[in-house]
>>> print(open('model.tsv').read())   # TSV, C-alpha atoms
chain	number	residue	atom	x	y	z
A	1421	MET	CA	42.95	-16.50	21.81
A	1422	LEU	CA	39.91	-18.57	22.58
A	1423	ARG	CA	37.88	-15.52	23.45
A	1424	LYS	CA	39.03	-13.77	20.31
A	1425	GLN	CA	38.02	-16.76	18.25
A	1426	ALA	CA	34.60	-16.97	19.84
A	1427	GLY	CA	34.15	-13.30	18.98
A	1428	ILE	CA	34.41	-13.80	15.25
A	1429	ALA	CA	30.83	-15.03	15.08
A	1430	THR	CA	29.44	-11.91	16.71
A	1431	ASP	CA	31.92	-9.10	16.18
A	1432	HIS	CA	32.12	-7.51	12.73
A	1433	VAL	CA	35.68	-6.29	13.16
A	1434	ALA	CA	36.99	-9.60	14.46
A	1435	PHE	CA	35.16	-11.48	11.74
A	1436	GLU	CA	36.43	-9.23	8.98
A	1437	ALA	CA	40.01	-9.68	10.17
A	1438	PHE	CA	39.55	-13.45	10.27
A	1439	TYR	CA	37.93	-13.45	6.84
A	1440	ARG	CA	40.65	-11.36	5.21
A	1441	ARG	CA	43.34	-13.50	6.83
A	1442	HIS	CA	41.95	-16.70	5.35
A	1443	VAL	CA	39.70	-16.01	2.36
A	1444	ASP	CA	42.51	-16.61	-0.08
A	1445	ALA	CA	43.55	-19.91	1.47
A	1446	VAL	CA	39.93	-21.08	1.53
A	1447	THR	CA	39.42	-20.09	-2.11
A	1448	ARG	CA	42.52	-22.08	-3.11
A	1449	PHE	CA	41.47	-25.00	-0.96
A	1450	LEU	CA	38.18	-25.10	-2.85
A	1451	ALA	CA	39.77	-24.46	-6.26
A	1452	ARG	CA	41.80	-27.62	-5.72
A	1453	ARG	CA	38.57	-29.58	-5.45
A	1454	VAL	CA	36.04	-27.82	-7.65
A	1455	ASP	CA	36.68	-26.49	-11.13
A	1456	ASP	CA	33.74	-24.13	-11.64
A	1457	PRO	CA	34.22	-20.46	-10.66
A	1458	HIS	CA	30.62	-19.94	-9.56
A	1459	THR	CA	30.64	-23.02	-7.39
A	1460	VAL	CA	33.93	-21.99	-5.83
A	1461	ALA	CA	32.55	-18.54	-4.97
A	1462	ASP	CA	29.36	-20.01	-3.51
A	1463	LEU	CA	31.36	-22.46	-1.45
A	1464	VAL	CA	33.62	-19.73	-0.10
A	1465	ALA	CA	30.49	-18.05	1.23
A	1466	GLU	CA	29.19	-21.34	2.63
A	1467	VAL	CA	32.44	-22.12	4.42
A	1468	PHE	CA	32.45	-18.78	6.21
A	1469	MET	CA	28.74	-19.18	7.01
A	1470	ALA	CA	29.69	-22.47	8.63
A	1471	VAL	CA	32.40	-20.60	10.55
A	1472	LEU	CA	29.65	-18.46	12.09
A	1473	ASP	CA	27.83	-21.62	13.12
A	1474	SER	CA	30.80	-23.41	14.57
A	1475	ALA	CA	33.17	-20.72	15.85
A	1476	HIS	CA	32.54	-22.06	19.34
A	1477	THR	CA	34.12	-25.40	18.41
A	1478	TYR	CA	37.55	-23.88	17.88
A	1479	ARG	CA	40.08	-24.58	20.61
A	1480	ALA	CA	43.31	-22.68	20.26
A	1481	GLY	CA	45.24	-25.33	22.17
A	1482	LEU	CA	44.45	-28.03	19.66
A	1483	GLY	CA	45.95	-26.46	16.56
A	1484	THR	CA	46.09	-23.59	14.17
A	1485	GLU	CA	43.24	-21.54	12.79
A	1486	ILE	CA	43.89	-22.80	9.30
A	1487	ALA	CA	43.72	-26.45	10.33
A	1488	TRP	CA	40.39	-25.82	12.04
A	1489	LEU	CA	39.17	-23.84	9.05
A	1490	TYR	CA	40.13	-26.59	6.59
A	1491	GLY	CA	38.18	-28.99	8.75
A	1492	VAL	CA	35.17	-26.71	8.47
A	1493	ALA	CA	35.76	-26.38	4.72
A	1494	ARG	CA	35.91	-30.16	4.27
A	1495	ASN	CA	32.67	-30.64	6.12
A	1496	THR	CA	31.01	-27.86	4.16
A	1497	LEU	CA	32.19	-29.30	0.89
A	1498	SER	CA	30.94	-32.79	1.61
A	1499	ALA	CA	27.64	-31.48	2.95
A	1500	GLU	CA	27.23	-29.38	-0.15
A	1501	ARG	CA	28.06	-32.28	-2.39
A	1502	ARG	CA	25.38	-34.31	-0.70
A	1503	ARG	CA	22.85	-31.58	-1.02
A	1504	ALA	CA	23.96	-30.78	-4.54
A	1505	PHE	CA	23.86	-27.12	-3.66
A	1506	LYS	CA	20.14	-27.19	-3.21
A	1507	GLU	CA	18.50	-25.25	-0.43
A	1508	SER	CA	21.73	-23.92	0.93
A	1509	ARG	CA	20.84	-21.10	3.21
A	1510	LEU	CA	23.05	-18.47	1.72
A	1511	THR	CA	22.41	-19.18	-1.91
A	1512	SER	CA	18.70	-19.35	-1.35
A	1513	ARG	CA	18.79	-16.06	0.47
A	1514	VAL	CA	20.47	-14.28	-2.40
A	1515	SER	CA	18.24	-16.23	-4.76
A	1516	GLY	CA	20.45	-18.45	-6.81
A	1517	ARG	CA	24.06	-18.03	-7.55
A	1518	ARG	CA	25.76	-14.84	-6.65
A	1519	PRO	CA	26.58	-12.74	-9.66
A	1520	LEU	CA	30.26	-12.79	-10.58
A	1521	ASP	CA	31.66	-10.11	-12.83
A	1522	THR	CA	34.19	-10.96	-15.51
A	1523	ASP	CA	37.12	-9.97	-13.29
A	1524	ASP	CA	35.92	-12.34	-10.60
A	1525	VAL	CA	35.53	-15.16	-13.07
A	1526	ALA	CA	38.96	-14.51	-14.56
A	1527	ARG	CA	40.65	-14.46	-11.16
A	1528	LEU	CA	38.84	-17.59	-10.06
A	1529	GLU	CA	39.69	-19.39	-13.27
A	1530	GLU	CA	43.32	-18.43	-12.79
A	1531	ARG	CA	43.29	-20.05	-9.38
A	1532	ILE	CA	41.44	-23.08	-10.65
A	1533	ASP	CA	44.05	-23.47	-13.40
A	1534	ALA	CA	46.88	-23.01	-10.92
A	1535	GLU	CA	45.43	-25.81	-8.84
A	1536	GLY	CA	45.17	-28.14	-11.84
A	1537	PRO	CA	48.07	-30.39	-10.75
A	1538	ALA	CA	46.44	-30.76	-7.35
A	1539	ARG	CA	43.21	-31.92	-8.95
A	1540	LYS	CA	45.20	-34.53	-10.88
A	1541	VAL	CA	46.59	-35.79	-7.60
A	1542	PHE	CA	43.04	-36.12	-6.34
A	1543	GLN	CA	42.24	-38.39	-9.24
A	1544	ALA	CA	45.29	-40.51	-8.50
A	1545	MET	CA	44.21	-40.75	-4.89
A	1546	ALA	CA	40.63	-41.62	-5.66
A	1547	ASP	CA	41.10	-45.32	-4.98
A	1548	LEU	CA	42.60	-44.93	-1.53
A	1549	PRO	CA	40.44	-45.70	1.49
A	1550	GLU	CA	38.59	-42.54	2.59
A	1551	GLY	CA	40.45	-42.18	5.89
A	1552	GLU	CA	43.89	-42.39	4.27
A	1553	ARG	CA	42.89	-40.15	1.41
A	1554	ALA	CA	41.66	-37.44	3.74
A	1555	VAL	CA	44.98	-37.27	5.60
A	1556	LEU	CA	47.04	-37.38	2.43
A	1557	GLU	CA	44.91	-34.65	0.90
A	1558	LEU	CA	45.41	-32.25	3.77
A	1559	VAL	CA	49.12	-32.93	4.15
A	1560	VAL	CA	50.26	-33.20	0.56
A	1561	ILE	CA	47.82	-30.97	-1.21
A	1562	ASP	CA	46.78	-28.47	1.41
A	1563	GLN	CA	50.19	-28.39	3.06
A	1564	LEU	CA	49.04	-28.89	6.61
A	1565	THR	CA	51.32	-30.61	9.11
A	1566	VAL	CA	50.24	-34.08	10.16
A	1567	THR	CA	49.12	-32.69	13.52
A	1568	GLU	CA	47.05	-30.01	11.84
A	1569	ALA	CA	45.52	-32.53	9.45
A	1570	ALA	CA	44.57	-34.69	12.43
A	1571	MET	CA	42.88	-31.67	14.00
A	1572	ALA	CA	41.01	-30.83	10.82
A	1573	LEU	CA	39.71	-34.39	10.68
A	1574	GLY	CA	39.07	-34.73	14.38
A	1575	ILE	CA	41.36	-37.75	14.74
A	1576	ARG	CA	44.46	-38.43	16.85
A	1577	SER	CA	47.80	-37.36	15.51
A	1578	GLY	CA	49.16	-40.92	15.73
A	1579	THR	CA	46.27	-42.24	13.68
A	1580	ALA	CA	46.91	-39.58	11.04
A	1581	LYS	CA	50.59	-40.59	10.85
A	1582	VAL	CA	49.75	-44.23	10.30
A	1583	ARG	CA	47.21	-43.41	7.61
A	1584	LEU	CA	49.62	-41.07	5.86
A	1585	HIS	CA	52.31	-43.72	5.85
A	1586	ARG	CA	49.95	-46.30	4.38
A	1587	ALA	CA	48.68	-43.92	1.72
A	1588	ARG	CA	52.17	-42.96	0.64
A	1589	ARG	CA	53.19	-46.60	0.44
A	1590	THR	CA	50.24	-47.33	-1.82
A	1591	LEU	CA	51.00	-44.40	-4.07
A	1592	ARG	CA	54.78	-44.53	-4.10
A	1593	GLY	CA	54.73	-44.80	-7.88
A	1594	LEU	CA	53.42	-41.26	-8.15
A	1595	PRO	CA	56.31	-38.84	-7.63
A	1596	PHE	CA	54.17	-35.72	-7.23
A	1597	VAL	CA	52.35	-37.32	-4.36
A	1598	MET	CA	55.61	-38.15	-2.64
A	1599	GLU	CA	56.99	-34.69	-3.04
A	1600	GLY	CA	53.88	-32.69	-2.49
A	1601	THR	CA	52.92	-29.70	-4.55
A	1602	PRO	CA	54.35	-26.24	-4.26
A	1603	GLY	CA	52.38	-24.21	-1.75
B	1179	MET	CA	33.33	-4.85	-5.95
B	1180	SER	CA	35.07	-8.23	-5.96
B	1181	PHE	CA	33.22	-11.39	-5.00
B	1182	GLU	CA	35.29	-11.60	-1.82
B	1183	GLU	CA	33.99	-8.20	-0.72
B	1184	ARG	CA	30.41	-9.07	-1.59
B	1185	ILE	CA	30.60	-12.28	0.38
B	1186	LEU	CA	32.06	-10.36	3.31
B	1187	MET	CA	29.10	-7.96	3.17
B	1188	GLU	CA	26.60	-10.81	3.10
B	1189	LEU	CA	28.29	-12.44	6.06
B	1190	LYS	CA	28.33	-9.24	8.07
B	1191	ALA	CA	24.63	-8.82	7.36
B	1192	GLU	CA	24.16	-12.38	8.62
B	1193	ILE	CA	26.05	-11.59	11.83
B	1194	THR	CA	23.77	-8.59	12.38
B	1195	ALA	CA	20.66	-10.65	11.63
B	1196	ARG	CA	21.76	-13.30	14.10
B	1197	ALA	CA	22.42	-10.69	16.77
B	1198	ASP	CA	18.91	-9.32	16.21
B	1199	ARG	CA	17.37	-12.76	16.53
B	1200	ARG	CA	19.29	-13.38	19.73
B	1201	ARG	CA	18.18	-10.07	21.16
B	1202	ARG	CA	14.56	-10.85	20.43
B	1203	THR	CA	14.38	-14.36	21.75
B	1204	GLY	CA	17.73	-15.48	23.04
B	1205	ARG	CA	18.20	-14.04	26.46
B	1206	ARG	CA	14.88	-15.11	27.81
B	1207	LEU	CA	15.14	-18.33	25.95
B	1208	PHE	CA	17.43	-20.57	27.87
B	1209	THR	CA	17.15	-19.05	31.28
B	1210	GLY	CA	13.88	-19.78	33.03
B	1211	ALA	CA	11.22	-19.68	30.40
B	1212	ALA	CA	13.54	-21.84	28.37
B	1213	VAL	CA	12.23	-23.41	25.27
B	1214	ALA	CA	8.84	-21.85	25.58
B	1215	GLY	CA	10.33	-18.77	24.01
B	1216	LEU	CA	11.91	-20.73	21.22
B	1217	ALA	CA	8.62	-22.14	20.16
B	1218	ALA	CA	6.94	-18.83	20.77
B	1219	ALA	CA	9.21	-17.24	18.25
B	1220	ALA	CA	7.46	-19.34	15.67
B	1221	ALA	CA	4.66	-16.83	15.59
B	1222	ILE	CA	2.79	-17.37	12.41
B	1223	ALA	CA	-0.25	-16.23	10.58
B	1224	VAL	CA	-2.90	-18.85	10.92
B	1225	PRO	CA	-6.44	-18.73	9.68
B	1226	LEU	CA	-8.62	-18.72	12.73
B	1227	LEU	CA	-12.16	-19.41	11.75
B	1228	THR	CA	-14.81	-17.53	13.63
B	1229	GLY	CA	-18.55	-17.99	13.89
B	1230	SER	CA	-20.72	-18.75	16.88
B	1231	GLU	CA	-22.27	-21.90	15.46
B	1232	ARG	CA	-18.93	-23.65	15.26
B	1233	SER	CA	-17.41	-25.50	18.16
B	1234	ALA	CA	-14.25	-24.02	19.56
B	1235	TYR	CA	-12.07	-26.71	18.06
B	1236	ALA	CA	-12.08	-29.94	16.10
B	1237	VAL	CA	-10.01	-33.00	16.91
B	1238	THR	CA	-9.51	-35.81	14.41
B	1239	LYS	CA	-7.21	-38.79	14.17
B	1240	ASN	CA	-4.88	-38.92	11.17
B	1241	GLY	CA	-4.04	-42.14	9.36
B	1242	ASP	CA	-0.50	-42.17	10.72
B	1243	GLY	CA	-1.61	-42.10	14.36
B	1244	THR	CA	-1.08	-38.39	14.86
B	1245	ILE	CA	-3.93	-36.19	16.09
B	1246	ASN	CA	-5.05	-33.18	14.14
B	1247	VAL	CA	-6.37	-30.23	16.12
B	1248	LYS	CA	-8.05	-27.27	14.51
B	1249	LEU	CA	-8.76	-24.28	16.71
B	1250	ASN	CA	-11.68	-22.11	15.82
B	1251	GLU	CA	-11.79	-20.09	18.98
B	1252	PHE	CA	-9.57	-19.82	21.99
B	1253	ARG	CA	-12.00	-21.23	24.55
B	1254	ASP	CA	-12.87	-24.54	26.19
B	1255	ALA	CA	-9.26	-25.45	26.91
B	1256	ASP	CA	-10.40	-27.92	29.60
B	1257	LYS	CA	-12.64	-29.74	27.16
B	1258	LEU	CA	-9.87	-29.97	24.59
B	1259	GLU	CA	-7.54	-31.38	27.26
B	1260	GLN	CA	-10.14	-34.07	28.04
B	1261	ASP	CA	-10.58	-34.95	24.37
B	1262	LEU	CA	-6.83	-35.25	23.91
B	1263	LYS	CA	-6.59	-37.37	27.05
B	1264	ARG	CA	-9.10	-39.80	25.57
B	1265	MET	CA	-6.88	-40.03	22.51
B	1266	GLY	CA	-3.84	-40.80	24.61
B	1267	VAL	CA	-2.17	-37.44	25.09
B	1268	THR	CA	-1.88	-35.68	28.43
B	1269	ALA	CA	-1.95	-32.01	27.60
B	1270	ASP	CA	-1.93	-28.73	29.46
B	1271	ILE	CA	-3.47	-26.00	27.38
B	1272	THR	CA	-3.50	-22.29	28.17
B	1273	TYR	CA	-5.13	-19.55	26.14
B	1274	LEU	CA	-3.65	-16.16	26.84
B	1275	LYS	CA	-4.75	-12.62	26.18
B	1276	PRO	CA	-2.68	-10.46	23.86
B	1277	GLY	CA	0.64	-9.35	25.33
B	1278	LYS	CA	0.58	-11.99	28.06
B	1279	THR	CA	2.78	-14.98	28.64
B	1280	CYS	CA	3.19	-17.76	31.19
B	1281	ARG	CA	5.88	-16.64	33.55
B	1282	GLY	CA	8.90	-18.67	34.44
B	1283	ASP	CA	9.33	-22.30	35.05
B	1284	ARG	CA	6.53	-24.70	34.15
B	1285	GLY	CA	8.54	-27.83	34.83
B	1286	GLU	CA	11.39	-29.87	33.44
B	1287	ILE	CA	11.23	-29.32	29.69
B	1288	VAL	CA	12.38	-32.18	27.47
B	1289	GLY	CA	15.19	-30.82	25.31
B	1290	GLY	CA	15.11	-27.54	27.20
B	1291	GLY	CA	18.79	-27.29	28.03
B	1292	SER	CA	20.09	-25.72	24.85
B	1293	PRO	CA	19.21	-25.19	21.21
B	1294	GLU	CA	21.22	-28.33	20.38
B	1295	GLU	CA	19.23	-30.41	22.83
B	1296	TRP	CA	15.98	-28.95	21.58
B	1297	LYS	CA	16.73	-29.95	18.05
B	1298	GLY	CA	15.23	-33.35	17.38
B	1299	SER	CA	13.86	-33.64	20.94
B	1300	ALA	CA	10.43	-34.99	21.78
B	1301	SER	CA	9.41	-31.41	22.54
B	1302	GLU	CA	10.21	-30.35	19.04
B	1303	LYS	CA	8.53	-33.35	17.46
B	1304	ALA	CA	5.41	-33.64	19.58
B	1305	VAL	CA	3.57	-30.76	17.91
B	1306	ARG	CA	3.76	-29.57	14.38
B	1307	LEU	CA	2.00	-26.41	13.37
B	1308	LEU	CA	0.52	-26.77	9.94
B	1309	PRO	CA	1.01	-24.03	7.42
B	1310	ARG	CA	-2.68	-23.98	6.57
B	1311	GLY	CA	-3.75	-23.74	10.17
B	1312	GLY	CA	-4.20	-26.18	12.99
B	1313	MET	CA	-1.60	-28.59	14.23
B	1314	ASP	CA	-0.68	-32.24	14.33
B	1315	ILE	CA	0.15	-33.78	17.68
B	1316	ASP	CA	2.19	-36.96	17.74
B	1317	PRO	CA	1.28	-39.04	20.83
B	1318	ARG	CA	4.45	-41.10	20.50
B	1319	TYR	CA	6.48	-38.18	21.78
B	1320	VAL	CA	4.42	-37.64	24.89
B	1321	GLY	CA	5.24	-40.56	27.17
B	1322	ASP	CA	3.82	-41.77	30.49
B	1323	GLY	CA	4.35	-39.18	33.16
B	1324	GLN	CA	4.89	-36.48	30.57
B	1325	THR	CA	2.64	-33.63	29.59
B	1326	LEU	CA	2.38	-31.71	26.37
B	1327	VAL	CA	2.28	-28.08	27.42
B	1328	MET	CA	0.79	-25.67	24.92
B	1329	ALA	CA	0.18	-21.96	25.34
B	1330	PHE	CA	-1.58	-19.88	22.75
B	1331	THR	CA	-1.60	-16.12	22.83
B	1332	GLU	CA	-4.38	-14.57	20.88
B	1333	ASN	CA	-4.14	-11.51	18.76
B	1334	ALA	CA	-5.19	-8.11	19.98
B	1335	ASP	CA	-7.91	-7.90	17.39
B	1336	GLN	CA	-10.39	-10.74	17.62
B	1337	THR	CA	-13.26	-8.80	16.10
B	1338	SER	CA	-11.80	-8.50	12.66
B	1339	GLU	CA	-14.06	-9.88	9.99
B	1340	LYS	CA	-11.12	-11.18	8.06
B	1341	PRO	CA	-10.22	-14.74	8.89
B	1342	GLN	CA	-6.49	-14.19	8.98
B	1343	VAL	CA	-5.45	-13.84	12.60
B	1344	LEU	CA	-2.01	-13.87	14.07
B	1345	TRP	CA	-1.33	-15.68	17.25
B	1346	GLN	CA	1.63	-16.91	19.15
B	1347	PHE	CA	2.28	-20.46	20.16
B	1348	ALA	CA	4.58	-22.22	22.59
B	1349	GLY	CA	4.59	-26.00	22.78
B	1350	TYR	CA	6.87	-28.45	24.57
B	1351	VAL	CA	6.89	-31.65	26.57
B	1352	VAL	CA	7.42	-31.55	30.33
B	1353	ASN	CA	8.63	-34.44	32.48
B	1354	GLY	CA	6.53	-35.03	35.59
B	1355	GLN	CA	4.42	-32.36	37.16
B	1356	VAL	CA	3.52	-29.22	35.25
B	1357	LYS	CA	3.40	-26.04	37.26
B	1358	PRO	CA	0.39	-23.84	36.62
B	1359	CYS	CA	0.70	-20.92	34.25
B	1360	VAL	CA	1.36	-17.67	36.07
B	1361	VAL	CA	0.15	-15.04	33.67
B	1362	ALA	CA	2.52	-12.14	33.20
B	1363	ASP	CA	3.19	-9.40	30.69
B	1364	ASP	CA	5.28	-10.60	27.78
B	1365	PRO	CA	8.17	-8.15	27.49
B	1366	THR	CA	8.94	-9.31	23.97
B	1367	TRP	CA	5.39	-9.06	22.73
B	1368	ASN	CA	6.11	-6.08	20.54
B	1369	ASP	CA	9.59	-7.20	19.57
B	1370	ILE	CA	8.80	-10.18	17.47
B	1371	ASP	CA	7.56	-9.38	14.03
B	1372	GLY	CA	4.12	-10.76	14.11
B	1373	PRO	CA	1.92	-11.14	17.16
B	1374	GLY	CA	0.20	-7.98	18.18
B	1375	ARG	CA	1.58	-6.27	15.18
B	1376	PRO	CA	0.21	-5.85	12.62
B	1377	PRO	CA	-3.34	-6.25	13.91
B	1378	ALA	CA	-5.45	-9.15	12.83
B	1379	GLY	CA	-6.43	-9.30	9.26
B	1380	SER	CA	-4.04	-6.70	8.05
>>> encode(input="model.tsv", output="structure tokens")
Amino acid sequence: MLRKQAGIATDHVAFEAFYRRHVDAVTRFLARRVDDPHTVADLVAEVFMAVLDSAHTYRAGLGTEIAWLYGVARNTLSAERRRAFKESRLTSRVSGRRPLDTDDVARLEERIDAEGPARKVFQAMADLPEGERAVLELVVIDQLTVTEAAMALGIRSGTAKVRLHRARRTLRGLPFVMEGTPG
Amino acid sequence: MSFEERILMELKAEITARADRRRRTGRRLFTGAAVAGLAAAAAIAVPLLTGSERSAYAVTKNGDGTINVKLNEFRDADKLEQDLKRMGVTADITYLKPGKTCRGDRGEIVGGGSPEEWKGSASEKAVRLLPRGGMDIDPRYVGDGQTLVMAFTENADQTSEKPQVLWQFAGYVVNGQVKPCVVADDPTWNDIDGPGRPPAGS
């Protein structure tokens, strides 16, 4: 498993399989956080670029592919927010934003709309401390288990549980946060 | 084609590009010759001014404490070493003929263990090649008992009238004693886009 994972950064076939397995989940993950189709598409590319850079950090024993990938996606997203999309390697290489045809835009907008409730939850969670918010996000919105969320964030599972408990207590007035959103 | 497919194509192209880069520089890189190769990969086109009335190089102190070196000709390495020494930098400078390289281990390279170590290391920061030619050396990154090792490989065509000459450069900081350069053929000389090809001035 570990060897297979390491291969995704160098082997076209292995990478393509990995990409097809997860591109949809990554697109939805990003559509829950960003509401512009072009930005979502650019970020999908950036996340998988980051996968090429950090494939060696994946350890099968520590959790699922998707948990690891969401961790990568979170880091990519915050890095991109800091850089405000400037000078990102991939976008600069294809000179500006990648062209999306109308079908692409329509499909992306559909996903962005579908993730509307999730973005509302983000707003409700905005006041939580960053550490608690991160765990709650991954568990409630991205539907990871607490253990997976801990892996994505690089923290211990026990720590994640405590943070989740605190966050839920703070937000107990918000039913959709308590219940989670449909996957 | 959907955006997912286009992204997949871009990424596959990136995987291929990375494999090419590794093939060119990687294998040799972190074995013996270590970081020398990494810096050498930064082969760039630099204006090399020619003319017999000029001295081989010019050394000046910048306002921020760094030392600017402009090379006009690849000669008088010993003299340049002495000048740098006076300005507080112990340096070991080698000028090489086209297609040659310093073989093997020249000493314990600071940041030479891996690309991660190299990044941000004193070796990386000690010398900065300037886009308009010449280089800035920062003495702060060359400590007591350390030596700034620099090897320049000249282009095959030094007779070109045009000032634009390609050369190859390797620079890094070594802890303790520096072993002398053992000149050897550079197996990657023709692999890297740049040095030796195309000829000077083209």
>>> residues_around(input="model.tsv", residues="Tyr1350 of chain B", least_positions_apart="4", cutoff="6 Å", atoms="all atoms listed in the file", output="list in words")
Ser1301, Leu1326 and Val1327 of chain B
>>> closest_residue(input="model.tsv", among="A:Ala1544, A:Ala1526, A:Leu1558, A:Val1464", to="chain B", atoms="all atoms listed in the file")
A:Val1464
>>> atom_distance(input="model.tsv", atom1="atom CA of Cys1359 of chain B", atom2="atom CA of Gly1277 of chain B")
14.6 Å
>>> closest_residue(input="model.tsv", among="B:Glu1294, B:Asn1246, B:Ala1329, B:Leu1262", to="chain A", atoms="only C-alpha atoms")
B:Glu1294
>>> interface_residues(input="model.tsv", of="chain B", to="chain A", cutoff="8 Å", atoms="only C-alpha atoms", output="PyMOL selection string")
chain B and resi 1180-1182+1185-1186+1189-1190+1193-1194+1197
>>> residues_around(input="model.tsv", residues="Thr1268 of chain B", least_positions_apart="6", cutoff="9 Å", atoms="all atoms listed in the file", output="list in words")
Glu1259, Gln1260, Leu1262, Pro1317, Val1320, Gly1321, Asp1322, Gly1323, Gln1324, Thr1325, Leu1326 and Val1327 of chain B
>>> write_last_selection(input="model.tsv", atoms="C-alpha atoms", output="mmCIF file, in the frame of the given file")
data_model
loop_
_atom_site.group_PDB
_atom_site.id
_atom_site.type_symbol
_atom_site.label_atom_id
_atom_site.label_comp_id
_atom_site.auth_asym_id
_atom_site.auth_seq_id
_atom_site.Cartn_x
_atom_site.Cartn_y
_atom_site.Cartn_z
ATOM 1 C CA GLU B 1259 -7.540 -31.380 27.260
ATOM 2 C CA GLN B 1260 -10.140 -34.070 28.040
ATOM 3 C CA LEU B 1262 -6.830 -35.250 23.910
ATOM 4 C CA PRO B 1317 1.280 -39.040 20.830
ATOM 5 C CA VAL B 1320 4.420 -37.640 24.890
ATOM 6 C CA GLY B 1321 5.240 -40.560 27.170
ATOM 7 C CA ASP B 1322 3.820 -41.770 30.490
ATOM 8 C CA GLY B 1323 4.350 -39.180 33.160
ATOM 9 C CA GLN B 1324 4.890 -36.480 30.570
ATOM 10 C CA THR B 1325 2.640 -33.630 29.590
ATOM 11 C CA LEU B 1326 2.380 -31.710 26.370
ATOM 12 C CA VAL B 1327 2.280 -28.080 27.420
#
>>> closest_residue(input="model.tsv", among="A:Val1492, A:Leu1497, A:Ala1572, A:Leu1548", to="Val1454 of chain A", atoms="only C-alpha atoms")
A:Leu1497
>>> atom_distance(input="model.tsv", atom1="atom CA of Phe1347 of chain B", atom2="atom CA of Asp1314 of chain B")
13.5 Å
>>> residues_around(input="model.tsv", residues="segment 1551-1553 of chain A", least_positions_apart="5", cutoff="8 Å", atoms="only C-alpha atoms", output="PDB file with C-alpha atoms, keeping the file's coordinate frame")
ATOM      1  CA  MET A1545      44.210 -40.750  -4.890  1.00  0.00           C
ATOM      2  CA  ALA A1546      40.630 -41.620  -5.660  1.00  0.00           C
ATOM      3  CA  ALA A1580      46.910 -39.580  11.040  1.00  0.00           C
ATOM      4  CA  ARG A1583      47.210 -43.410   7.610  1.00  0.00           C
ATOM      5  CA  LEU A1584      49.620 -41.070   5.860  1.00  0.00           C
ATOM      6  CA  ARG A1586      49.950 -46.300   4.380  1.00  0.00           C
ATOM      7  CA  ALA A1587      48.680 -43.920   1.720  1.00  0.00           C
TER       8      ALA A1587
END
>>> residues_near_point(input="model.tsv", point="(43.1, -24.5, 10.0)", cutoff="9 Å", atoms="only C-alpha atoms", output="compact mmCIF listing (two decimals) with C-alpha atoms, in the coordinates of the input")
# COMPACT_ATOMS: atom_id res chain seq x y z
CA GLY A 1483 45.95 -26.46 16.56
CA THR A 1484 46.09 -23.59 14.17
CA GLU A 1485 43.24 -21.54 12.79
CA ILE A 1486 43.89 -22.80 9.30
CA ALA A 1487 43.72 -26.45 10.33
CA TRP A 1488 40.39 -25.82 12.04
CA LEU A 1489 39.17 -23.84 9.05
CA TYR A 1490 40.13 -26.59 6.59
CA GLY A 1491 38.18 -28.99 8.75
CA VAL A 1492 35.17 -26.71 8.47
CA LEU A 1564 49.04 -28.89 6.61
CA GLU A 1568 47.05 -30.01 11.84
CA ALA A 1569 45.52 -32.53 9.45
CA MET A 1571 42.88 -31.67 14.00
CA ALA A 1572 41.01 -30.83 10.82
>>> atom_distance(input="model.tsv", atom1="atom CA of Ala1269 of chain B", atom2="atom CA of Val1351 of chain B")
8.9 Å
